[in-house]
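Dropping coords.json in here (JSON, C-alpha atoms):
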```json
[["chain", "number", "residue", "atom", "x", "y", "z"],
["A", 1, "MET", "CA", -54.36, 25.06, 71.50],
["A", 2, "GLN", "CA", -53.23, 26.35, 68.12],
["A", 3, "PRO", "CA", -53.27, 30.08, 67.40],
["A", 4, "ARG", "CA", -56.04, 31.32, 65.12],
["A", 5, "ILE", "CA", -53.57, 33.03, 62.84],
["A", 6, "PRO", "CA", -50.52, 31.04, 61.77],
["A", 7, "ARG", "CA", -47.31, 32.38, 63.27],
["A", 8, "GLN", "CA", -45.33, 32.86, 60.10],
["A", 9, "SER", "CA", -42.91, 35.64, 59.57],
["A", 10, "ALA", "CA", -43.72, 38.08, 56.80],
["A", 11, "GLN", "CA", -40.77, 36.71, 54.86],
["A", 12, "GLU", "CA", -42.27, 33.22, 55.11],
["A", 13, "GLN", "CA", -45.54, 34.65, 53.85],
["A", 14, "ASP", "CA", -43.64, 36.08, 50.89],
["A", 15, "CYS", "CA", -44.71, 33.26, 48.62],
["A", 16, "ARG", "CA", -43.07, 34.45, 45.45],
["A", 17, "ARG", "CA", -44.70, 33.06, 42.37],
["A", 18, "PRO", "CA", -42.40, 32.79, 39.39],
["A", 19, "ASP", "CA", -45.19, 33.42, 36.87],
["A", 20, "THR", "CA", -44.18, 37.02, 36.14],
["A", 21, "PRO", "CA", -41.09, 39.15, 36.66],
["A", 22, "ALA", "CA", -43.21, 41.62, 38.63],
["A", 23, "ASP", "CA", -43.50, 39.05, 41.42],
["A", 24, "ASP", "CA", -39.78, 39.32, 42.19],
["A", 25, "ALA", "CA", -40.15, 42.05, 44.83],
["A", 26, "ARG", "CA", -40.03, 40.91, 48.44],
["A", 27, "LEU", "CA", -41.19, 42.62, 51.61],
["A", 28, "SER", "CA", -38.85, 45.15, 53.17],
["A", 29, "ASP", "CA", -37.90, 44.62, 56.81],
["A", 30, "GLU", "CA", -40.14, 47.57, 57.69],
["A", 31, "LEU", "CA", -43.11, 46.02, 55.91],
["A", 32, "ALA", "CA", -42.40, 42.67, 57.57],
["A", 33, "ALA", "CA", -42.66, 44.48, 60.93],
["A", 34, "VAL", "CA", -45.98, 46.00, 59.81],
["A", 35, "VAL", "CA", -47.39, 42.56, 58.99],
["A", 36, "SER", "CA", -46.16, 41.22, 62.32],
["A", 37, "GLY", "CA", -47.84, 44.12, 64.14],
["A", 38, "ALA", "CA", -51.06, 43.56, 62.20],
["A", 39, "ARG", "CA", -50.97, 39.88, 63.16],
["A", 40, "ARG", "CA", -50.64, 40.77, 66.87],
["A", 41, "ARG", "CA", -53.51, 43.24, 66.53],
["A", 42, "ALA", "CA", -55.75, 40.66, 64.83],
["A", 43, "VAL", "CA", -55.05, 38.09, 67.54],
["A", 44, "ARG", "CA", -55.68, 40.66, 70.27],
["A", 45, "ASP", "CA", -58.93, 41.72, 68.55],
["A", 46, "GLY", "CA", -60.10, 38.11, 68.34],
["A", 47, "ASP", "CA", -60.21, 38.18, 64.54],
["A", 48, "ARG", "CA", -59.58, 35.08, 62.44],
["A", 49, "GLN", "CA", -57.58, 36.89, 59.80],
["A", 50, "ILE", "CA", -55.49, 39.99, 59.28],
["A", 51, "ASP", "CA", -57.60, 42.43, 57.30],
["A", 52, "SER", "CA", -56.86, 45.74, 55.60],
["A", 53, "ALA", "CA", -57.82, 47.76, 58.70],
["A", 54, "HIS", "CA", -55.26, 45.82, 60.78],
["A", 55, "LEU", "CA", -52.68, 46.54, 58.10],
["A", 56, "LEU", "CA", -53.60, 50.24, 57.95],
["A", 57, "HIS", "CA", -53.34, 50.59, 61.73],
["A", 58, "SER", "CA", -49.97, 48.87, 61.77],
["A", 59, "LEU", "CA", -48.73, 50.94, 58.80],
["A", 60, "LEU", "CA", -49.59, 54.16, 60.65],
["A", 61, "GLU", "CA", -47.75, 52.94, 63.75],
["A", 62, "HIS", "CA", -44.61, 51.64, 62.04],
["A", 63, "ASP", "CA", -44.05, 53.56, 58.81],
["A", 64, "PRO", "CA", -43.32, 57.29, 58.90],
["A", 65, "ASP", "CA", -43.75, 57.58, 55.11],
["A", 66, "VAL", "CA", -47.31, 56.28, 55.41],
["A", 67, "TYR", "CA", -48.05, 58.58, 58.34],
["A", 68, "ASP", "CA", -46.69, 61.55, 56.36],
["A", 69, "VAL", "CA", -49.09, 60.87, 53.48],
["A", 70, "PHE", "CA", -51.98, 61.63, 55.82],
["A", 71, "GLY", "CA", -50.43, 64.81, 57.22],
["A", 72, "ASP", "CA", -51.12, 66.39, 60.58],
["A", 73, "GLY", "CA", -54.43, 67.61, 61.84],
["A", 74, "PRO", "CA", -57.74, 66.41, 63.16],
["A", 75, "GLN", "CA", -58.33, 63.84, 60.41],
["A", 76, "ILE", "CA", -55.35, 61.68, 61.39],
["A", 77, "ALA", "CA", -56.43, 61.84, 65.04],
["A", 78, "ARG", "CA", -59.95, 60.77, 64.05],
["A", 79, "LEU", "CA", -58.54, 57.97, 61.89],
["A", 80, "LEU", "CA", -56.41, 56.61, 64.73],
["A", 81, "GLY", "CA", -59.41, 56.92, 67.04],
["A", 82, "TYR", "CA", -61.56, 54.79, 64.74],
["A", 83, "LEU", "CA", -58.83, 52.20, 64.39],
["A", 84, "VAL", "CA", -58.45, 51.97, 68.18],
["A", 85, "GLN", "CA", -62.23, 51.76, 68.66],
["A", 86, "ARG", "CA", -62.36, 48.62, 66.58],
["A", 87, "THR", "CA", -61.99, 46.44, 69.66],
["A", 88, "ILE", "CA", -64.45, 48.36, 71.82],
["A", 89, "GLY", "CA", -67.37, 48.76, 69.47],
["A", 90, "TYR", "CA", -66.61, 50.01, 66.01],
["A", 91, "GLY", "CA", -65.72, 47.07, 63.82],
["A", 92, "LEU", "CA", -67.23, 44.37, 66.04],
["A", 93, "ARG", "CA", -69.60, 43.50, 63.21],
["A", 94, "TRP", "CA", -66.53, 42.39, 61.26],
["A", 95, "GLN", "CA", -65.64, 39.71, 63.79],
["A", 96, "GLY", "CA", -66.21, 36.23, 62.49],
["A", 97, "SER", "CA", -66.49, 37.41, 58.89],
["A", 98, "VAL", "CA", -63.99, 37.35, 56.05],
["A", 99, "GLU", "CA", -62.97, 40.61, 54.39],
["A", 100, "ASP", "CA", -63.57, 40.05, 50.71],
["A", 101, "SER", "CA", -64.76, 42.33, 47.96],
["A", 102, "GLY", "CA", -65.52, 39.48, 45.58],
["A", 103, "ALA", "CA", -62.52, 40.32, 43.42],
["A", 104, "VAL", "CA", -60.73, 37.14, 44.50],
["A", 105, "PRO", "CA", -62.05, 33.78, 45.73],
["A", 106, "VAL", "CA", -62.60, 33.53, 49.48],
["A", 107, "VAL", "CA", -59.83, 31.56, 51.12],
["A", 108, "THR", "CA", -60.57, 30.45, 54.66],
["A", 109, "ASP", "CA", -57.37, 28.48, 55.11],
["A", 110, "GLY", "CA", -54.37, 30.49, 54.12],
["A", 111, "GLU", "CA", -51.55, 32.55, 55.47],
["A", 112, "GLY", "CA", -53.68, 34.33, 58.04],
["A", 113, "LEU", "CA", -54.58, 37.19, 55.70],
["A", 114, "SER", "CA", -58.06, 38.00, 54.47],
["A", 115, "PRO", "CA", -58.44, 37.51, 50.71],
["A", 116, "LEU", "CA", -58.47, 41.27, 50.22],
["A", 117, "ALA", "CA", -55.37, 41.77, 52.40],
["A", 118, "ALA", "CA", -53.54, 38.94, 50.60],
["A", 119, "SER", "CA", -54.39, 40.55, 47.26],
["A", 120, "ALA", "CA", -53.12, 43.91, 48.54],
["A", 121, "MET", "CA", -49.82, 42.32, 49.64],
["A", 122, "GLU", "CA", -49.37, 40.80, 46.21],
["A", 123, "HIS", "CA", -50.22, 44.12, 44.52],
["A", 124, "ALA", "CA", -47.68, 45.90, 46.77],
["A", 125, "ARG", "CA", -44.98, 43.51, 45.56],
["A", 126, "ARG", "CA", -45.92, 44.10, 41.92],
["A", 127, "ARG", "CA", -46.00, 47.86, 42.47],
["A", 128, "ALA", "CA", -42.49, 47.81, 43.94],
["A", 129, "ALA", "CA", -41.16, 45.59, 41.16],
["A", 130, "GLY", "CA", -42.79, 47.87, 38.59],
["A", 131, "ARG", "CA", -40.71, 50.81, 39.75],
["A", 132, "GLY", "CA", -37.58, 48.66, 39.87],
["A", 133, "ASP", "CA", -37.44, 48.20, 43.65],
["A", 134, "THR", "CA", -36.56, 44.76, 44.97],
["A", 135, "GLN", "CA", -38.60, 45.27, 48.14],
["A", 136, "ALA", "CA", -42.19, 46.29, 48.71],
["A", 137, "ARG", "CA", -42.53, 49.18, 51.15],
["A", 138, "GLY", "CA", -45.31, 50.36, 53.42],
["A", 139, "ILE", "CA", -46.33, 53.00, 50.92],
["A", 140, "ASP", "CA", -46.78, 50.25, 48.32],
["A", 141, "LEU", "CA", -49.10, 48.38, 50.65],
["A", 142, "LEU", "CA", -51.08, 51.50, 51.48],
["A", 143, "ALA", "CA", -51.54, 52.25, 47.77],
["A", 144, "ALA", "CA", -52.67, 48.66, 47.20],
["A", 145, "ILE", "CA", -55.16, 48.71, 50.08],
["A", 146, "LEU", "CA", -56.72, 51.92, 48.80],
["A", 147, "LEU", "CA", -57.45, 50.41, 45.38],
["A", 148, "ASP", "CA", -60.41, 48.40, 46.65],
["A", 149, "PRO", "CA", -63.38, 50.52, 47.76],
["A", 150, "GLN", "CA", -64.71, 47.49, 49.71],
["A", 151, "ALA", "CA", -61.61, 47.33, 51.93],
["A", 152, "ARG", "CA", -62.30, 47.74, 55.62],
["A", 153, "ALA", "CA", -59.43, 50.23, 55.74],
["A", 154, "VAL", "CA", -61.20, 52.37, 53.13],
["A", 155, "GLU", "CA", -64.38, 52.24, 55.22],
["A", 156, "VAL", "CA", -62.45, 53.42, 58.28],
["A", 157, "LEU", "CA", -60.88, 56.23, 56.25],
["A", 158, "ASP", "CA", -64.32, 57.27, 55.04],
["A", 159, "ARG", "CA", -65.70, 57.35, 58.58],
["A", 160, "ALA", "CA", -62.74, 59.50, 59.63],
["A", 161, "GLY", "CA", -63.52, 61.95, 56.83],
["A", 162, "ILE", "CA", -60.52, 61.00, 54.69],
["A", 163, "ASP", "CA", -61.05, 60.39, 50.99],
["A", 164, "ALA", "CA", -59.14, 57.32, 49.75],
["A", 165, "ASN", "CA", -58.81, 58.84, 46.26],
["A", 166, "THR", "CA", -57.14, 61.93, 47.72],
["A", 167, "VAL", "CA", -54.68, 59.77, 49.65],
["A", 168, "ARG", "CA", -53.91, 57.74, 46.51],
["A", 169, "ALA", "CA", -53.27, 60.99, 44.62],
["A", 170, "ARG", "CA", -50.82, 62.09, 47.34],
["A", 171, "ILE", "CA", -49.01, 58.75, 47.07],
["A", 172, "ASP", "CA", -48.82, 59.05, 43.28],
["A", 173, "GLY", "CA", -47.58, 62.62, 43.65],
["A", 174, "ARG", "CA", -44.71, 61.40, 45.83],
["A", 175, "ARG", "CA", -43.91, 58.34, 43.70],
["A", 176, "ASP", "CA", -40.47, 59.60, 42.69],
["A", 177, "GLU", "CA", -39.54, 59.91, 46.38],
["A", 178, "TYR", "CA", -39.88, 56.17, 46.85],
["A", 179, "VAL", "CA", -37.82, 54.93, 43.89],
["A", 180, "GLY", "CA", -35.25, 52.48, 45.17],
["A", 181, "GLY", "CA", -36.69, 52.67, 48.66],
["A", 182, "ASP", "CA", -35.05, 56.00, 49.46],
["A", 183, "THR", "CA", -37.22, 58.85, 50.56],
["A", 184, "ALA", "CA", -36.32, 62.39, 49.66],
["A", 185, "ARG", "CA", -37.71, 64.53, 52.41]]
```

Any chance you could put this one into structure tokens?
Amino acid sequence: MQPRIPRQSAQEQDCRRPDTPADDARLSDELAAVVSGARRRAVRDGDRQIDSAHLLHSLLEHDPDVYDVFGDGPQIARLLGYLVQRTIGYGLRWQGSVEDSGAVPVVTDGEGLSPLAASAMEHARRRAAGRGDTQARGIDLLAAILLDPQARAVEVLDRAGIDANTVRARIDGRRDEYVGGDTAR
């Protein structure tokens, strides 16, 4: 029996297209671990593809910079609660469906990412390259996920009482901390 989601490393999924110089950024080792964690979560949840909520959950677990953007308090606890509940009720309506906002064509046979998640990964690479970094980081992926109001991750944030625009503003406010992949804490 073949797995539902192809078992490719994040580096293998890093299909760099030579069309533009902005596509030269690769995934950092930390972001590769995030994608791997999201893949395990999707398989465990019985989902066909990794979606933005899987990526958000994995980002919060593996990337301290992403966690710091949300800060401490009841909202982060609520957010993690909603993400955990996905397998026991919340989010079950997503099973068997493809996460797509209509911004990109639906791809049912791909790298194991929903069309929206694949677009976010590509945007994260471009974002990193745009600031001169050779590797996309978790914060790049979070910023990319938050761009699409139809993302499942944005829906989860909304249910947890967290405004995606506010989180994006925090990321933009810390942009200089992430130049070159170094964080100034």

What does the distance from atom CA of A:Arg86 to atom CA of A:Asp29 come to in Å, to one decimal?
26.6 Å

Among listed residues A:Arg131, A:Arg137, A:Gln75, A:Pro115, nearest A:Asp163 (using all atoms listed in the file)
A:Gln75

For atom CA of A:Ala38 and atom CA of A:Ala77, quote the distance in Å rounded to one decimal.
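It comes out at 19.3 Å.
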
Can you list, as number ranges by chain, every protein, DNA or RNA residue that comes within 7 Å of A:His123 when you count only C-alpha atoms, leaving out same-chain residues fewer than 4 positions away?
A: 119, 127, 144

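Interatomic distance, atom CA of A:Asp68 against atom CA of A:Leu113: 25.6 Å.
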
Given all atoms listed in the file as the counted atoms, nearest of A:Ser28, A:Gln85, A:Thr166, A:Ser52 to A:Ala151
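Among the listed residues, the smallest separation from A:Ala151 belongs to A:Ser52.
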
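When only C-alpha atoms are used to measure the gap to A:Glu155, the shortest distance among A:Ala120, A:Leu27, A:Val35, A:Leu79 belongs to A:Leu79.
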
For A:Gln49, please output as a VMD selection string all residues within 7 Å (counting only C-alpha atoms; exclusion window: fewer than 5 positions along the same chain).
chain A and resid 5 42 112 to 114

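Candidate residues A:Arg39, A:Arg48, A:Arg174, A:His57 were compared for distance to A:Leu157, and the nearest is A:His57, using all atoms listed in the file.
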
Find the spatial neighbours of A:Val69, counting all atoms listed in the file, within a cut-off of 7 Å - ignore same-chain residues fewer than 4 positions away - and output them as a PyMOL selection string.
chain A and resi 65+167+170-171
